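Colleague: One structure is given below, represented as structure tokens, and several questions about it will come after.
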Amino acid sequence: MAKNEFICDCNVIHQDSVDNVLKKMPTKDTFYRLANLFKLIGDSTRCKILFSLDQDEMCVCDLANVLHMTKSSISHQLAVLRRSGIVRCRKSGKEVYYTLDDDHIVKLFEIGLEHINHKG
């Protein structure tokens with residue numbers, strides 16, 4: 001396949017398509033926030049944490065054990081994820097349990113996994 005084979009070489013503007021997309025185009029701030037979300041979950045350590053929390057609610061000690069990391073490292077990553085609304089926590093006595101924040105985060109993570117497993 002030639003390098004330039006997929007470059008449009010016409011001067012036709014499909015105005016209906018352009019207008020349709022422009023009408024639905026989110027704000028710059030929305031795209032900034034979306035890109036930031038993907039940056040946050042784009043870290044392999046955070047992905048391992050998200051995978052773990054997608055399986056079960058866990059405390060810092062559980063996550064540290066599963067991921068073979070220090071509690072301090074896990075706590076730092078969880079704080080980043082919590083401030084960003086990706087995970088939430090609940091306190092039970094002296095223990096704090098973490099889980100994915102809502103169904104949107106669960107679906108986003110699971111669809112991402114499904115996509116990469118499908119593509120192999």
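Ordering of the structure tokens sets the chain letters (A, B, ...); residue numbers start at 1 within each chain; ligands are numbered from 1 in the order shown.
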Quick one: residues within 9 Å of segment 78-86 of chain A, only C-alpha atoms, excluding same-chain residues fewer than 4 positions away - as a PDB file with N, CA and C atoms, in the first residue's frame?
Modeller:
```pdb
ATOM      1  N   LEU A  37      -8.688  12.554  31.430  1.00  0.00           N
ATOM      2  CA  LEU A  37      -9.178  11.264  31.913  1.00  0.00           C
ATOM      3  C   LEU A  37      -8.358  10.128  31.303  1.00  0.00           C
ATOM      4  N   LEU A  40      -4.940   9.935  32.813  1.00  0.00           N
ATOM      5  CA  LEU A  40      -4.966   9.349  34.149  1.00  0.00           C
ATOM      6  C   LEU A  40      -5.039   7.833  34.106  1.00  0.00           C
ATOM      7  N   ILE A  41      -5.858   7.298  33.239  1.00  0.00           N
ATOM      8  CA  ILE A  41      -5.979   5.846  33.179  1.00  0.00           C
ATOM      9  C   ILE A  41      -4.957   5.244  32.222  1.00  0.00           C
ATOM     10  N   ARG A  46      -1.742   2.410  37.300  1.00  0.00           N
ATOM     11  CA  ARG A  46      -3.135   2.757  37.581  1.00  0.00           C
ATOM     12  C   ARG A  46      -4.090   1.779  36.899  1.00  0.00           C
ATOM     13  N   ILE A  49      -4.382  -1.161  39.118  1.00  0.00           N
ATOM     14  CA  ILE A  49      -5.253  -0.820  40.244  1.00  0.00           C
ATOM     15  C   ILE A  49      -6.710  -0.869  39.798  1.00  0.00           C
ATOM     16  N   LEU A  50      -7.007  -0.270  38.644  1.00  0.00           N
ATOM     17  CA  LEU A  50      -8.376  -0.270  38.143  1.00  0.00           C
ATOM     18  C   LEU A  50      -8.868  -1.687  37.870  1.00  0.00           C
ATOM     19  N   VAL A  60      -5.897  -0.587  50.725  1.00  0.00           N
ATOM     20  CA  VAL A  60      -4.534  -0.327  50.262  1.00  0.00           C
ATOM     21  C   VAL A  60      -3.651  -1.554  50.466  1.00  0.00           C
ATOM     22  N   SER A  73       3.134   3.720  47.701  1.00  0.00           N
ATOM     23  CA  SER A  73       2.961   3.888  46.247  1.00  0.00           C
ATOM     24  C   SER A  73       1.502   3.727  45.844  1.00  0.00           C
ATOM     25  N   ILE A  74       0.856   2.729  46.421  1.00  0.00           N
ATOM     26  CA  ILE A  74      -0.557   2.491  46.122  1.00  0.00           C
ATOM     27  C   ILE A  74      -1.395   3.668  46.599  1.00  0.00           C
ATOM     28  N   TYR A  98     -11.577   0.785  48.650  1.00  0.00           N
ATOM     29  CA  TYR A  98     -11.684   1.508  47.382  1.00  0.00           C
ATOM     30  C   TYR A  98     -12.441   0.673  46.367  1.00  0.00           C
ATOM     31  N   THR A  99     -13.126   1.386  45.491  1.00  0.00           N
ATOM     32  CA  THR A  99     -13.835   0.753  44.389  1.00  0.00           C
ATOM     33  C   THR A  99     -13.876   1.753  43.226  1.00  0.00           C
ATOM     34  N   LEU A 100     -14.212   1.266  42.042  1.00  0.00           N
ATOM     35  CA  LEU A 100     -14.376   2.177  40.907  1.00  0.00           C
ATOM     36  C   LEU A 100     -15.553   3.098  41.203  1.00  0.00           C
ATOM     37  N   ASP A 101     -15.462   4.339  40.768  1.00  0.00           N
ATOM     38  CA  ASP A 101     -16.424   5.361  41.181  1.00  0.00           C
ATOM     39  C   ASP A 101     -17.858   5.097  40.736  1.00  0.00           C
ATOM     40  N   ASP A 102     -18.047   4.700  39.482  1.00  0.00           N
ATOM     41  CA  ASP A 102     -19.405   4.480  38.999  1.00  0.00           C
ATOM     42  C   ASP A 102     -19.393   3.566  37.783  1.00  0.00           C
ATOM     43  N   ILE A 105     -17.117   4.450  34.701  1.00  0.00           N
ATOM     44  CA  ILE A 105     -15.703   4.077  34.807  1.00  0.00           C
ATOM     45  C   ILE A 105     -15.548   2.575  34.592  1.00  0.00           C
TER      46      ILE A 105
END
```
Colleague: Which neighbours of Met58 of chain A fall inside 8 Å, counting only C-alpha atoms, when residues of the same chain fewer than 3 positions from it are skipped, and could you give them as a ChimeraX atom specification?
Modeller: /A:52-53,62-63,97-99
Colleague: Take the selection from the previous step and output its residues with C-alpha atoms, as a PDB file, in the first residue's frame.
Modeller:
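Written output follows (selection.pdb):
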```pdb
ATOM      1  CA  SER A  52      -8.131  -5.013  40.688  1.00  0.00           C
ATOM      2  CA  LEU A  53     -10.929  -2.683  41.769  1.00  0.00           C
ATOM      3  CA  ASP A  62      -4.866  -5.735  49.538  1.00  0.00           C
ATOM      4  CA  LEU A  63      -3.805  -3.738  46.478  1.00  0.00           C
ATOM      5  CA  TYR A  97     -11.932   0.373  50.991  1.00  0.00           C
ATOM      6  CA  TYR A  98     -11.684   1.508  47.382  1.00  0.00           C
ATOM      7  CA  THR A  99     -13.835   0.753  44.389  1.00  0.00           C
TER       8      THR A  99
END
```
Colleague: Could you pull out all residues of segment 6-117 of chain A with a DSSP call of helix (DSSP H, G or I) and give them as a ChimeraX atom specification?
Modeller: /A:15-24,28-41,44-55,60-67,71-83,103-117
Colleague: Name the closest residue to Cys89 of chain A among the candidates A:Cys47, A:Leu108, A:Cys59, A:Ala35; distances are taken between atoms, counting only C-alpha atoms.
Modeller: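 When distances to Cys89 of chain A are compared using only C-alpha atoms, the smallest one comes from A:Cys59.
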Colleague: Can you list every residue in segment 10-106 of chain A that DSSP puts in strand (DSSP E), as a list in words?
Modeller: Met58, Cys59, Val87, Arg88, Cys89, Arg90, Lys91, Ser92, Glu95, Val96, Tyr97, Tyr98, Thr99 and Leu100 of chain A
Colleague: When distances are computed from only C-alpha atoms, which of A:Ala64, A:Asn36, A:Asp54, A:Met69 shows the smallest separation from His104 of chain A?
Modeller: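 When distances to His104 of chain A are compared using only C-alpha atoms, the smallest one comes from A:Asp54.
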Colleague: Identify, on the basis of only C-alpha atoms, every residue whose closest approach to Leu113 of chain A does not exceed 12 Å; exclude the query and any residue fewer than 3 positions from it along the same chain; express the result as number ranges by chain.
Modeller: A: 47-48, 50-51, 54, 106-110, 116-120
Colleague: Just the number, please: distance in Å from atom CA of Asp16 of chain A to atom CA of Leu34 of chain A, one decimal.
Modeller: 26.2 Å
Colleague: So which residues touch Cys61 of chain A within 10 Å, counting only C-alpha atoms, skipping near sequence neighbours fewer than 6 positions away, as a PyMOL selection string?
Modeller: chain A and resi 67+69-72+74-75+95-97
Colleague: Please, what distance in Å, to one decimal, runs between atom CA of Val66 of chain A and atom CA of Ser44 of chain A?
Modeller: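 Interatomic distance, atom CA of Val66 of chain A to atom CA of Ser44 of chain A: 14.3 Å.
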Colleague: Have a look at A:Asn65, A:Thr30, A:Asn20, A:Gln77 and name the one nearest to Thr45 of chain A; count only C-alpha atoms.
Modeller: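 Residue with the minimum atom-to-atom distance to Thr45 of chain A: A:Gln77.
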Colleague: If you measure from atom CA of Pro26 of chain A to atom CA of Lys39 of chain A, what distance in Å do you get, rounded to one decimal?
Modeller: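 Between these atoms lies a distance of 18.7 Å.
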